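**Q** The structure file coords-v8.pdb (PDB, C-alpha atoms) is provided below.
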```pdb
ATOM      1  CA  MET U 289      12.614  13.905 -44.548
ATOM      2  CA  SER U 290      16.387  13.448 -44.552
ATOM      3  CA  GLN U 291      15.906   9.977 -46.045
ATOM      4  CA  LEU U 292      14.026  11.513 -49.000
ATOM      5  CA  LEU U 293      16.862  13.953 -49.578
ATOM      6  CA  ALA U 294      19.329  11.026 -49.671
ATOM      7  CA  ILE U 295      17.643   9.312 -52.642
ATOM      8  CA  PRO U 296      20.048   9.351 -55.603
ATOM      9  CA  PRO U 297      18.952  11.604 -58.494
ATOM     10  CA  LEU U 298      18.935   8.681 -60.924
ATOM     11  CA  TRP U 299      16.217   6.950 -58.870
ATOM     12  CA  LEU U 300      14.203  10.164 -58.691
ATOM     13  CA  GLN U 301      14.504  10.591 -62.460
ATOM     14  CA  LEU U 302      13.408   6.996 -63.020
ATOM     15  CA  ALA U 303      10.419   7.553 -60.729
ATOM     16  CA  PHE U 304       9.508  10.759 -62.580
ATOM     17  CA  PHE U 305       9.611   9.154 -66.033
ATOM     18  CA  THR U 306       7.654   6.169 -64.723
ATOM     19  CA  ALA U 307       4.982   8.519 -63.347
ATOM     20  CA  ALA U 308       4.855  10.443 -66.635
ATOM     21  CA  ALA U 309       4.478   7.196 -68.593
ATOM     22  CA  PHE U 310       1.712   6.100 -66.215
ATOM     23  CA  ALA U 311      -0.054   9.456 -66.668
ATOM     24  CA  LEU U 312       0.123   9.012 -70.446
ATOM     25  CA  PHE U 313      -1.208   5.450 -70.161
ATOM     26  CA  MET U 314      -4.112   6.558 -67.949
ATOM     27  CA  ALA U 315      -4.923   9.383 -70.355
ATOM     28  CA  LEU U 316      -5.145   7.013 -73.308
ATOM     29  CA  ILE U 317      -7.234   4.164 -71.907
ATOM     30  CA  PRO U 318     -10.914   4.149 -72.885
ATOM     31  CA  GLY U 319     -13.105   6.265 -70.618
ATOM     32  CA  GLN U 320     -15.149   3.356 -69.277
ATOM     33  CA  ALA U 321     -11.919   1.571 -68.185
ATOM     34  CA  ASP U 322     -10.609   4.635 -66.327
ATOM     35  CA  PRO U 323     -10.867   4.090 -62.554
ATOM     36  CA  MET U 324     -10.732   7.886 -62.077
ATOM     37  CA  ARG U 325     -13.783   8.508 -64.297
ATOM     38  CA  PHE U 326     -15.945   9.346 -61.277
ATOM     39  CA  MET U 327     -13.587  12.134 -60.171
ATOM     40  CA  ASN U 328     -13.809  15.580 -61.742
ATOM     41  CA  ASP U 329     -11.682  15.482 -64.910
ATOM     42  CA  LYS U 330     -10.149  18.928 -64.454
ATOM     43  CA  LEU U 331      -9.272  18.189 -60.828
ATOM     44  CA  THR U 332      -7.596  14.962 -61.939
ATOM     45  CA  HIS U 333      -5.520  16.886 -64.482
ATOM     46  CA  ALA U 334      -4.510  19.528 -61.947
ATOM     47  CA  LEU U 335      -3.539  16.969 -59.286
ATOM     48  CA  THR U 336      -1.585  14.906 -61.799
ATOM     49  CA  PHE U 337       0.437  17.915 -62.868
ATOM     50  CA  ILE U 338       1.059  19.039 -59.287
ATOM     51  CA  VAL U 339       2.593  15.619 -58.637
ATOM     52  CA  LEU U 340       4.545  15.588 -61.911
ATOM     53  CA  CYS U 341       5.913  19.074 -61.138
ATOM     54  CA  ALA U 342       6.985  18.028 -57.661
ATOM     55  CA  MET U 343       8.667  14.906 -59.002
ATOM     56  CA  ALA U 344      10.411  16.803 -61.818
ATOM     57  CA  ASP U 345      11.574  19.454 -59.374
ATOM     58  CA  ARG U 346      13.205  16.829 -57.120
ATOM     59  CA  ALA U 347      14.524  14.695 -59.992
ATOM     60  CA  PHE U 348      16.182  17.569 -61.857
ATOM     61  CA  PRO U 349      17.327  20.099 -59.225
ATOM     62  CA  ALA U 350      19.844  21.804 -61.544
ATOM     63  CA  VAL U 351      17.208  22.601 -64.181
ATOM     64  CA  ALA U 352      15.336  25.904 -63.854
ATOM     65  CA  LEU U 353      11.699  25.558 -62.866
ATOM     66  CA  ALA U 354      10.633  27.450 -66.003
ATOM     67  CA  TRP U 355      12.209  24.751 -68.195
ATOM     68  CA  LYS U 356      10.514  22.001 -66.196
ATOM     69  CA  PHE U 357       7.169  23.797 -66.528
ATOM     70  CA  SER U 358       7.700  24.249 -70.261
ATOM     71  CA  ALA U 359       8.519  20.571 -70.738
ATOM     72  CA  LEU U 360       5.493  19.488 -68.698
ATOM     73  CA  PHE U 361       3.248  21.906 -70.576
ATOM     74  CA  VAL U 362       4.402  20.397 -73.888
ATOM     75  CA  PHE U 363       3.853  16.920 -72.395
ATOM     76  CA  GLY U 364       0.279  17.910 -71.514
ATOM     77  CA  VAL U 365      -0.350  19.123 -75.067
ATOM     78  CA  PHE U 366       1.188  15.885 -76.383
ATOM     79  CA  ILE U 367      -1.247  13.886 -74.228
ATOM     80  CA  GLU U 368      -4.184  15.816 -75.680
ATOM     81  CA  ILE U 369      -2.949  15.242 -79.236
ATOM     82  CA  CYS U 370      -2.593  11.515 -78.507
ATOM     83  CA  GLN U 371      -6.110  11.465 -77.062
ATOM     84  CA  LYS U 372      -7.490  13.018 -80.248
ATOM     85  CA  MET U 373      -5.743  10.333 -82.280
ATOM     86  CA  THR U 374      -7.392   7.490 -80.322
ATOM     87  CA  GLY U 375     -10.866   8.119 -81.722
ATOM     88  CA  TYR U 376     -12.488   7.495 -78.335
ATOM     89  CA  ARG U 377     -10.932  10.423 -76.465
ATOM     90  CA  LYS U 378     -11.054  14.121 -77.332
ATOM     91  CA  PHE U 379      -8.597  17.005 -77.460
ATOM     92  CA  SER U 380      -9.485  19.493 -74.735
ATOM     93  CA  VAL U 381      -8.074  22.978 -74.253
ATOM     94  CA  GLY U 382      -9.738  22.873 -70.820
ATOM     95  CA  ASP U 383      -7.527  19.929 -69.870
ATOM     96  CA  ILE U 384      -4.431  21.855 -70.948
ATOM     97  CA  ILE U 385      -5.566  24.792 -68.802
ATOM     98  CA  ALA U 386      -6.173  22.420 -65.865
ATOM     99  CA  ASN U 387      -2.619  21.067 -66.306
ATOM    100  CA  ALA U 388      -1.288  24.641 -66.217
ATOM    101  CA  VAL U 389      -3.363  25.359 -63.098
ATOM    102  CA  GLY U 390      -1.770  22.312 -61.449
ATOM    103  CA  MET U 391       1.730  23.476 -62.365
ATOM    104  CA  THR U 392       0.977  27.008 -61.156
ATOM    105  CA  THR U 393      -0.407  25.623 -57.895
ATOM    106  CA  TYR U 394       2.834  23.712 -57.353
ATOM    107  CA  TRP U 395       4.829  26.894 -58.027
ATOM    108  CA  VAL U 396       2.732  28.865 -55.502
ATOM    109  CA  ILE U 397       3.130  26.118 -52.896
ATOM    110  CA  THR U 398       6.915  26.155 -53.339
ATOM    111  CA  LEU U 399       6.951  29.930 -52.922
ATOM    112  CA  LEU U 400       4.950  29.658 -49.699
ATOM    113  CA  ILE U 401       7.167  26.966 -48.198
TER     114      ILE U 401
END
```
Now, as a test, write the supplied structure out as structure tokens.
**A**
Amino acid sequence: MSQLLAIPPLWLQLAFFTAAAFALFMALIPGQADPMRFMNDKLTHALTFIVLCAMADRAFPAVALAWKFSALFVFGVFIEICQKMTGYRKFSVGDIIANAVGMTTYWVITLLI
């Protein structure tokens, strides 16, 4: 655990933005090309946003959690807008709610730890 705490913030920030870009890429590929298509879509959204929250929390320790949540929420809405623009994906309020559930789950876990 002490080795994880020694990782420079710049590397954590790079890892976070890489993960966010990967999440955007996975959200925009056609459904039949998605390797996660057999997993429940809402569960995938929630798990993705738990991980993104955890990474953002470590990468930006000086930023309040509320700001990180707000930025990730907007990112989730942006993903849905991009999906609507593809023509082969759809905008889903349910996906946005699943993202928020993932972020809330991360917040609860941090409170319990």
**Q** Please measure the separation of atom CA of Ile338 of chain U and atom CA of Gln301 of chain U, giving the value in Å to one decimal.
**A**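 One can read the atom CA of Ile338 of chain U to atom CA of Gln301 of chain U distance as 16.2 Å.
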**Q** Run the PyMOL selection byres ((chain U and resi 355-370) around 10) against the file shown and list the residues it catches, as a ChimeraX atom specification.
**A** /U:308,311-313,315-316,333,337,340-341,344-345,348-349,351-354,371-375,377-381,383-388,391-392,395
**Q** For a quick check of understanding, using all atoms listed in the file, which of U:Ala307, U:Ile401, U:Val389, U:Val396 has the smallest distance to Ala347 of chain U?
**A**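 When distances to Ala347 of chain U are compared using all atoms listed in the file, the smallest one comes from U:Ala307.
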**Q** So, with all atoms listed in the file as the atoms that count, which of U:Asn328, U:Ala294, U:Val339, U:Ala350 lies closest to Ile397 of chain U?
**A** U:Val339
**Q** May I ask for the distance between atom CA of Leu300 of chain U and atom CA of Pro318 of chain U, given in Å to one decimal place?
**A**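 Separating atom CA of Leu300 of chain U from atom CA of Pro318 of chain U is a distance of 29.5 Å.
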**Q** Return as AutoDock Vina command-line options the box centre and box size in Å, one decimal, for an axis-aligned box around all listed atoms of segment 349-359 of chain U padded by 4 Å per side.
**A**
```
--center_x 13.5 --center_y 23.8 --center_z -65.0 --size_x 20.7 --size_y 15.4 --size_z 19.5
```
**Q** Between U:Met343, U:Tyr376, U:Leu400, U:Ala334, single out the one closest to Trp299 of chain U, counting all atoms listed in the file.
**A**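 Smallest distance to Trp299 of chain U is found for U:Met343.
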**Q** Looking at all atoms listed in the file, which of U:Phe310, U:Gln320, U:Arg346, U:Leu399 is the one that sits closest to Leu298 of chain U?
**A**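 The closest residue to Leu298 of chain U is U:Arg346.
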